[in-house]
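Trainee: Can you read through this structure? Questions will come right after.
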Amino acid sequence: MVMTAFFIHWSSPLCQTSAALRTEIRKIISHDTELSKYQIPGFIIGILDGDTTHVLAFGTREIGTHEVLSSHDIFELGSLTKVMTADIILQLNEKGFLDVYAPLNLYLPVAYQNPSVQASLMDVLTHRSGLPKIPETLGGTQIDMNSPYAGFTHKDLLSWYSHVRPHISGELRYSHAGYALLELVIEQVTGDSFERAFDKYITNTYAIPGTRVDDMLHVCPGYDLTGRGAHPWEFNSFRGSEGARSNLLDLLKYMRVLINTEETMLMWTTYHRTGDKKLFTAPGWYRFLPKKDFPVYVHTGRTSGHSSMFAFSRNTKTGVIVLSNSSAGTDDLGLLILRMINSQWRRKT
């Protein structure tokens, strides 16, 4: 993940109207990004600024039409799913269903436990488990290159895990596979399917009915890097890493809760340094420190046809979400907007 330099001088004060805000965002797009309308047909931005919410749509919902994206359109979230999977794990920890500092092996079927893996659940949550990004056996099960997890079952995942030789636990190694295993941990300790557990701990807990990990939600059209229509991803595993779908309205509601909550505090108090002195990994998040004692939480996601970005500051109660109908993504646009609305972080906490 490339992080934007937050301290380039910005002279404009925070704009209070959506029209003025749109003008400022267009300036950012023109001068500070390389976004191409040919690669990104459309995107929608949600902004939280204290009690105020702004929603602004750019481009079109579908190539060849003039219809704009709405806050109700459903997008694939890709790796942004990890934020919600981590949330479930931390809720289960608080309820006593599991211990996030216990070994990962403890919560997987005995027949597939791997003594070579010494990682705890917290190590997996913060990408310090030593597990690789994806199983090297994944390619052998692919039935569609544009839907990489459709042919990879839970049994395939567990069989791979039981023989994997991880890197050193405690070192940063971003892992989709780790979060795919957390999906199985959730099923093991709740005795329920991941889909039902997700509904209980995310969809229903936060009252966001347009956010789920099954195929019941029909996504808006998405496009690959060449502008061709992309089919939604299908899953036999890896839903806990990549499988969530949601809309801007739900995500803004979820962000507001995350900004204000005093629950699941391990999400905000546990983090580990990376090679970048301003960048840390936290459970489900990257924790970016543009200024001393001023963390910004950020995560992105991408599928064959959609991309997502979610960033916020609990200190200033501001946040930005960007959802795009292209796999090309929107670069650091969300962070640039977050920097702008905080006006060089002059606000008092």
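A note on labels: chains of the structure tokens are A, B, ... as shown, every chain counts residues from 1, and ligands are counted from 1 in their shown order.
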So which residues touch segment 311-318 of chain A within 8 Å, counting only C-alpha atoms, skipping near sequence neighbours fewer than 2 positions away, as number ranges by chain?
Mentor: A: 47-50, 255, 258-260, 294-299, 309, 320-321, 334-335, 338, 341-342, 347-349
Trainee: Could you write those residues out with C-alpha atoms, as a short mmCIF file (atom, residue, chain, number, x, y, z; two decimals), in the first residue's frame?
Mentor:
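In the end it all went to result-v1.cif:
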data_model
loop_
_atom_site.label_atom_id
_atom_site.label_comp_id
_atom_site.auth_asym_id
_atom_site.auth_seq_id
_atom_site.Cartn_x
_atom_site.Cartn_y
_atom_site.Cartn_z
CA ILE A 47 -17.14 11.68 3.71
CA LEU A 48 -17.75 11.90 7.45
CA ASP A 49 -16.94 15.17 9.17
CA GLY A 50 -18.21 14.97 12.73
CA MET A 255 -17.33 3.90 9.93
CA LEU A 258 -15.75 2.57 14.51
CA ILE A 259 -14.86 6.23 15.01
CA ASN A 260 -16.91 6.51 18.19
CA PHE A 294 -2.38 11.00 15.46
CA PRO A 295 -3.22 7.62 13.88
CA VAL A 296 -5.22 7.18 10.70
CA TYR A 297 -6.72 3.74 10.10
CA VAL A 298 -6.85 2.63 6.48
CA HIS A 299 -7.53 -0.43 4.35
CA MET A 309 -10.86 2.31 0.14
CA VAL A 320 -13.42 8.93 3.72
CA ILE A 321 -14.72 5.95 1.75
CA GLY A 334 -9.21 8.90 -0.25
CA LEU A 335 -6.16 9.84 1.82
CA LEU A 338 -8.92 13.06 4.31
CA ILE A 341 -10.85 17.98 5.13
CA ASN A 342 -8.59 18.00 8.17
CA ARG A 347 -8.26 20.39 14.61
CA LYS A 348 -8.09 19.78 18.32
CA THR A 349 -8.87 16.32 19.65
#
Trainee: Tell me, as a VMD selection string, which residues lie within 8 Å of Thr137 of chain A, counting only C-alpha atoms; anything in the same chain fewer than 3 positions away does not count.
Mentor: chain A and resid 140 to 141 160
Trainee: When distances are computed from only C-alpha atoms, which of A:Leu98, A:Leu125, A:Leu251, A:Leu289 shows the smallest separation from Met267 of chain A?
Mentor: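 With only C-alpha atoms as the atom set, the closest residue is A:Leu125.
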Trainee: For the strand (DSSP E or B) assignment from backbone DSSP, which residues of segment 110-315 of chain A qualify? Please present them as number ranges by chain.
Mentor: A: 120, 212, 222-223, 229-230, 245-246, 272-273, 279-282, 285-291, 294-302, 307-313
